[in-house]
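Participant: Quick one: structure below, then a few questions.
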Amino acid sequence: MIPLRLTLKNFLSYRETTLDFRGLHVACVCGANGAGKSSLLEAIAWALWGQSRAVSEDDMIHQGTKEAQVDFLFENQEQTYRVMRTRTRGQASSLEFQIATANGFRSLTEPGVRATQQLILQHLKLDYETFVNSAYLRQGRADEFMLKRPSERKQILTDLLKLDHYDHLAEQAKERSREFKAKVELLEQVLTTTQTQLQQQPTIAAAQAELEAAIAQMRQAQTAAAAQLQALQVVQQQRQTWEQQQQWHQQQQRNLTQDYQQLQQELVTLQRQQQELTAILQQEAAIAQGYAHWQHLHIQEEVLSKQYQAYQQSQDQRQALLRQQAQQVETLKDQHRQLQAQLEACTQQVQEQQQILSKLPEVEAALEQLHQARTRLSELDQLQTQVTPLHQRRTTLQTQIDRLQARQVARWEELQSQAGTLQHQQLRQPQLEQQLQEATQRIEQLDKRRVYQQRVREKGLERKSFMERLQTHQQDYETQLADLEQKLQLHLSPGAACPLCDRPPWMKRTGNGCSRSTVPSNRNCGGKLWVVREQLAVSEREIQVLRQEYQDLNQELVLYNTIWEQRGQLQAQIQGILDSQTQLAAIAAEISALEASLQQGDFAAELQAELQQLSQHLELLPYDEKDHALARGEVERWRWAEIKQAEIKQAQRRLTQSLTQPPLLQTQISNCQQQLDYLLGTGAFAEAPGEIQQQIIHLDQQLAAIGYDPEQHHALRTQVRQVQSWQIRYQELQQAQQQAPPRTTATRLFSSSPAGTRAGFADH
């Protein structure tokens with residue numbers, strides 16, 4: 001991972017800072033304690049892993065702000081990445097992960113902070129614990145790696161050296177081994193099945209021969225069955241032909257039966273119609289008389305209908321004229337009312353305008369007051385243009401002074417916190433020195449035990465080497481003893497040559513025989529073998545005692561490395577406390593200087609001097625915000641005079657117009673009244689009404705001349721409806737006279753016996 005750019009906002013002691021690392025191979029950041037050197041590395045760690053030295057994430061936010069943000073740009077595996085982590089006080093953190101492309105940065109952010117963090121770890125291939133124990137040694141935690149347990153140190157080294165890759169390869173090898181083993185087992189099962197089938201080959205061949213013989217028999221049976229089937233199919237075809245002929249004859253019979261039934265129904269219908277015609281012809285006289293009465297009433301009703309049409313037409317014309325007259329009258333009345341309303345409005349406007357004009361002296365006095373107030377306001381506005389920049393500058397200076405004071409207070413609080421921490425550490429110095437002395441004594445004791453353990457180990461190795469030599473001698477003695485036993489057996493057997501000197505057997509017991517003795521040699525070798533075995537047993541017991549003692553010493557020395565680590569930690573802590581004494585003195589001096597500066601107020605001297613000059617200059621200017629506000633209020637209080645002045649001018653114009661309109665309106669009202677009298681034929685036009693009124697009088701005369709009586713017409717219509725049936729019966733009589741046929745042979749045929757008819761159809 002190669003850092004390229006780091007941007008901080010409200011992170012720990014930084015407000016807004018950007019560091020560009022591009023072009024740098026080795027960088028050194030130096031400064032006083034508390035200057036914020038470690039905060040830069042903490043920002044990188046927090047951006048990448050979300051962890052830092054702060055107790056809670058809200059502690060990383062700069063005091064007095066609500067949100068902290070770190071933007072980190074870095075290069076890894078020839079790719080450029082960007083991580084932006086944001087924390088809002090009292091809320092959850094947000095994380096954005098991006099990768100650089102040709103078209104800019106592309107987001108890799110997953111749904112959720114945890115998923116995005118896991119994605120960052122996959123790209124970095126480095127977790128936070130490995131980072132703080134390898135690349136980044138935090139302040140006061142240089143022994144972070146030594147404080148870890150052996151298993152944790154092993155895991156950190158494994159992650160750092162990527163040893164887990166070999167574990168992954170081992171898992172893959174095991175997985176492939178399991179796959180090949182499964183394939184071998186499957187192939188063995190297939191091979192076993194194939195071998196079993198090969199062993200069953202004679203049985204399968206015999207079964208195949210039996211099946212072929214059975215198939216031949218079944219084929220012969222199939223041939224015979226096919227011939228029988230063909231013969232049966234011919235018989236079946238003949239049977240189907242006969243069935244079709246039978247169905248055709250049955251269908252012919254059904255058709256004839258339906259024709260016969262239809263003719264029977266027609267015969268019944270004709271007989272019924274003949275009876276009805278006969279009954280109508282018998283009532284011919286009554287029907288003719290009723291029809292004549294209907295014709296007489298119908299003629300009268302037609303005459304009255306014509307009178308009704310003429311009456312209705314005249315009545316419609318009269319109603320249309322009345323509607324036209326009423327519409328014109330309503331229009332004239334609306335005009336008359338509007339003119340009356342305009343005349344009254346003009347009279348009222350004249351009174352209102354005269355009332356407005358009566359306030360002219362009061363408005364003129366108010367205008368004079370408004371002019372004076374505006375003059376005063378203009379003077380104050382000019383003063384304000386001079387005073388406002390001075391006020392703004394004074395506010396800016398005061399803000400800068402307050403900010404510097406706040407920084408000094410924050411620095412004083414930070415130094416107080418650091419001094420308290422260092423004092424607390426110094427209080428632990430006696431205890432740490434006591435612990436260091438105890439650890440040193442314990443290490444000296446363990447060193448002696450380690451020397452003794454080395455001696456035990458060397459003695460054990462010596463006894464082990466001695467045992468190996470004894471075992472070699474034992475094997476040699478056992479081999480020699482076996483050879484001697486074999487030779488002794490050969491020597492004692494009759495007729496055998498001497499196993500020592502190879503002389504013939506007749507010379508074995510003579511004076512010239514072999515002078516070597518086998519028995520003493522056998523006894524000497526057996527004694528040496530017994531001594532060796534005894535020494536082996538003693539050495540084995542000694543080795544067991546030494547091994548047990550070595551194991552006890554091992555258990556006793558298990559804590560040796562831990563105590564060494566503890567002593568190193570204690571020495572580092574004591575050295576840190578000794579170093580912190582100088583730092584504490586410097587912090588105390590800086591705290592005293594800050595307290596004196598805050599009490600005397602001698603910080604930012606140039607700003608305070610400029611602030612004092614501005615205050616003196618402002619006191620010399622005759623400007624007061626209250627007077628300015630009062631002047632504005634005075635102008636607003638008299639501004640109504642301008643509005644009233646405009647209203648007076650407008651009232652003068654309207655008064656001139658209102659005085660000229662009433663005579664014209666009076667003339668229009670008189671003309672409108674004359675048109676109404678002419679239209680209605682009233683007043684001066686009672687003897688000579690208008691054209692519409694004359695048409696209405698003419699239509700009334702026509703209605704009287706028609707003499708139409710609606711009640712008489714209604715009674716006549718009722719009578720016509722009552723005798724309407726005679727018209728229908730007369731039409732039926734005419735149809736009966738036309739349709740009444742003479743009796744023919746066909747009629748006699750239909751009136752004959754049904755049995756004979758059925759017989760005729762059956763013969764057909």
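Chain identifiers are assigned as A, B, and so on, following the order in which chains appear in the structure tokens; residues are numbered from 1 within each chain, and ligands are numbered from 1 in order of appearance.
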Give me the segment 399-492 of chain A side of the contact with segment 15-36 of chain A, cut-off 12 Å, one line per residue showing its nearest atom pair and distance in Å at one decimal, counting only C-alpha atoms, sorted by chain and residue number, as JSON lines.
Facilitator:
{"residue": "A:Ala410", "atom": "CA", "partner": "A:Gly34", "partner_atom": "CA", "distance": 12.0}
{"residue": "A:Arg411", "atom": "CA", "partner": "A:Gly34", "partner_atom": "CA", "distance": 9.3}
{"residue": "A:Trp412", "atom": "CA", "partner": "A:Gly34", "partner_atom": "CA", "distance": 11.6}
{"residue": "A:Glu413", "atom": "CA", "partner": "A:Gly34", "partner_atom": "CA", "distance": 11.9}
{"residue": "A:Glu414", "atom": "CA", "partner": "A:Gly34", "partner_atom": "CA", "distance": 8.3}
{"residue": "A:Leu415", "atom": "CA", "partner": "A:Gly34", "partner_atom": "CA", "distance": 8.5}
{"residue": "A:Gln416", "atom": "CA", "partner": "A:Gly34", "partner_atom": "CA", "distance": 11.9}
{"residue": "A:Ser417", "atom": "CA", "partner": "A:Gly34", "partner_atom": "CA", "distance": 11.1}
{"residue": "A:Gln418", "atom": "CA", "partner": "A:Gly34", "partner_atom": "CA", "distance": 8.8}
{"residue": "A:Ala419", "atom": "CA", "partner": "A:Gly34", "partner_atom": "CA", "distance": 11.7}
Participant: Env of segment 464-472 of chain A: 9 Å cut, atoms = only C-alpha atoms, seq-sep filter 6 positions within chain, self excluded. Answer as a list in words.
Facilitator: Val532, Arg533, Gln535, Leu536, Ser539, Glu540 and Ile543 of chain A
Participant: Just give me the gap between atom CA of Gln486 of chain A and atom CA of Ala537 of chain A in Å, one decimal is fine.
Facilitator: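 Atom CA of Ala537 of chain A lies 27.9 Å from atom CA of Gln486 of chain A.
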Participant: Which distance in Å separates atom CA of Leu322 of chain A and atom CA of Gln694 of chain A, to one decimal?
Facilitator: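 Between these atoms lies a distance of 11.5 Å.
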Participant: Nearest to Pro3 of chain A: which of A:Leu41, A:Leu703, A:Arg89, A:Leu488 is it, counting only C-alpha atoms?
Facilitator: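 Looking at the shortest contact to Pro3 of chain A, the residue is A:Leu41.
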Participant: Excluding Glu344 of chain A and its own-chain neighbours fewer than 3 positions away, which residues fall within 12 Å of it when counting only C-alpha atoms? Please give them as a PyMOL selection string.
Facilitator: chain A and resi 337-341+347-351+658+661-662+665-666
Participant: For Val113 of chain A, list every protein, DNA or RNA residue within 10 Å, evaluated using only C-alpha atoms, and leave out those in the same chain fewer than 3 positions away; present the list as a ChimeraX atom specification.
Facilitator: /A:50,85,92-96,109-110,116-119
Participant: Run DSSP on the backbone of this structure and report the residues of segment 94-277 of chain A it assigns to helix (DSSP H, G or I), as a VMD selection string.
Facilitator: chain A and resid 113 to 124 128 to 134 144 to 147 150 to 161 164 to 199 201 to 277
Participant: Using only C-alpha atoms, which protein or nucleic acid residues come within 8 Å of segment 620-629 of chain A? Drop anything in the same chain fewer than 5 positions from it, and give the result as a ChimeraX atom specification.
Facilitator: /A:377,380-381,383-384,387
Participant: Leaving out Trp294 of chain A and any residue of its chain fewer than 6 positions from it, which residues lie within 8 Å of it when counting only C-alpha atoms, given as a PyMOL selection string?
Facilitator: chain A and resi 720+723-724+726-727
Participant: I need the residues from that last selection saved to file as a PDB file, in the first residue's frame (with all heavy atoms), if you can.
Facilitator:
ATOM      1  N   VAL A 720    -113.698   6.556 -30.285  1.00  0.00           N
ATOM      2  CA  VAL A 720    -112.992   5.905 -31.396  1.00  0.00           C
ATOM      3  C   VAL A 720    -112.183   4.713 -30.893  1.00  0.00           C
ATOM      4  O   VAL A 720    -112.165   3.657 -31.520  1.00  0.00           O
ATOM      5  CB  VAL A 720    -112.092   6.941 -32.112  1.00  0.00           C
ATOM      6  CG1 VAL A 720    -111.161   6.234 -33.104  1.00  0.00           C
ATOM      7  CG2 VAL A 720    -112.937   7.957 -32.856  1.00  0.00           C
ATOM      8  N   VAL A 723    -114.507   1.644 -30.290  1.00  0.00           N
ATOM      9  CA  VAL A 723    -115.029   0.911 -31.466  1.00  0.00           C
ATOM     10  C   VAL A 723    -113.896   0.566 -32.420  1.00  0.00           C
ATOM     11  O   VAL A 723    -114.156   0.180 -33.561  1.00  0.00           O
ATOM     12  CB  VAL A 723    -116.109   1.761 -32.187  1.00  0.00           C
ATOM     13  CG1 VAL A 723    -117.278   2.025 -31.269  1.00  0.00           C
ATOM     14  CG2 VAL A 723    -115.533   3.053 -32.715  1.00  0.00           C
ATOM     15  N   GLN A 724    -112.623   0.718 -32.009  1.00  0.00           N
ATOM     16  CA  GLN A 724    -111.474   0.421 -32.867  1.00  0.00           C
ATOM     17  C   GLN A 724    -111.449  -1.044 -33.261  1.00  0.00           C
ATOM     18  O   GLN A 724    -110.963  -1.409 -34.333  1.00  0.00           O
ATOM     19  CB  GLN A 724    -110.179   0.798 -32.126  1.00  0.00           C
ATOM     20  CG  GLN A 724    -108.912   0.627 -32.936  1.00  0.00           C
ATOM     21  CD  GLN A 724    -108.765   1.717 -33.988  1.00  0.00           C
ATOM     22  OE1 GLN A 724    -109.244   2.837 -33.774  1.00  0.00           O
ATOM     23  NE2 GLN A 724    -108.153   1.397 -35.115  1.00  0.00           N
ATOM     24  N   TRP A 726    -113.827  -2.898 -34.290  1.00  0.00           N
ATOM     25  CA  TRP A 726    -114.639  -3.202 -35.483  1.00  0.00           C
ATOM     26  C   TRP A 726    -113.810  -3.066 -36.746  1.00  0.00           C
ATOM     27  O   TRP A 726    -114.032  -3.806 -37.714  1.00  0.00           O
ATOM     28  CB  TRP A 726    -115.858  -2.272 -35.553  1.00  0.00           C
ATOM     29  CG  TRP A 726    -116.867  -2.566 -34.452  1.00  0.00           C
ATOM     30  CD1 TRP A 726    -117.174  -1.824 -33.397  1.00  0.00           C
ATOM     31  CD2 TRP A 726    -117.671  -3.738 -34.379  1.00  0.00           C
ATOM     32  NE1 TRP A 726    -118.120  -2.409 -32.598  1.00  0.00           N
ATOM     33  CE2 TRP A 726    -118.463  -3.636 -33.205  1.00  0.00           C
ATOM     34  CE3 TRP A 726    -117.831  -4.884 -35.171  1.00  0.00           C
ATOM     35  CZ2 TRP A 726    -119.385  -4.598 -32.823  1.00  0.00           C
ATOM     36  CZ3 TRP A 726    -118.766  -5.820 -34.770  1.00  0.00           C
ATOM     37  CH2 TRP A 726    -119.521  -5.694 -33.599  1.00  0.00           C
ATOM     38  N   GLN A 727    -112.831  -2.168 -36.738  1.00  0.00           N
ATOM     39  CA  GLN A 727    -111.965  -2.041 -37.911  1.00  0.00           C
ATOM     40  C   GLN A 727    -111.148  -3.321 -38.104  1.00  0.00           C
ATOM     41  O   GLN A 727    -111.028  -3.834 -39.214  1.00  0.00           O
ATOM     42  CB  GLN A 727    -111.036  -0.839 -37.746  1.00  0.00           C
ATOM     43  CG  GLN A 727    -110.093  -0.643 -38.926  1.00  0.00           C
ATOM     44  CD  GLN A 727    -109.042   0.419 -38.654  1.00  0.00           C
ATOM     45  OE1 GLN A 727    -108.908   0.851 -37.511  1.00  0.00           O
ATOM     46  NE2 GLN A 727    -108.309   0.828 -39.690  1.00  0.00           N
TER      47      GLN A 727
END
Participant: Determine which residues of segment 26-270 of chain A DSSP labels as strand (DSSP E) from the backbone of this structure, then write them out as a PyMOL selection string.
Facilitator: chain A and resi 67-76+79-88+93-101+104-107
Participant: Tell me, in Å to one decimal, how far atom CA of Glu42 of chain A is from atom CA of Gln122 of chain A.
Facilitator: 20.8 Å
Participant: Which residue, A:Tyr308, A:Tyr477, A:Tyr730, A:Phe603, has the smallest gap to Asp709 of chain A when you use only C-alpha atoms?
Facilitator: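 Closest residue, counting only C-alpha atoms: A:Tyr308.
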Participant: A:Asn10, A:Gln613, A:Gln571, A:Gln453: which is nearest Leu546 of chain A, counting only C-alpha atoms?
Facilitator: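 Selected residue with least distance to Leu546 of chain A: A:Gln453.
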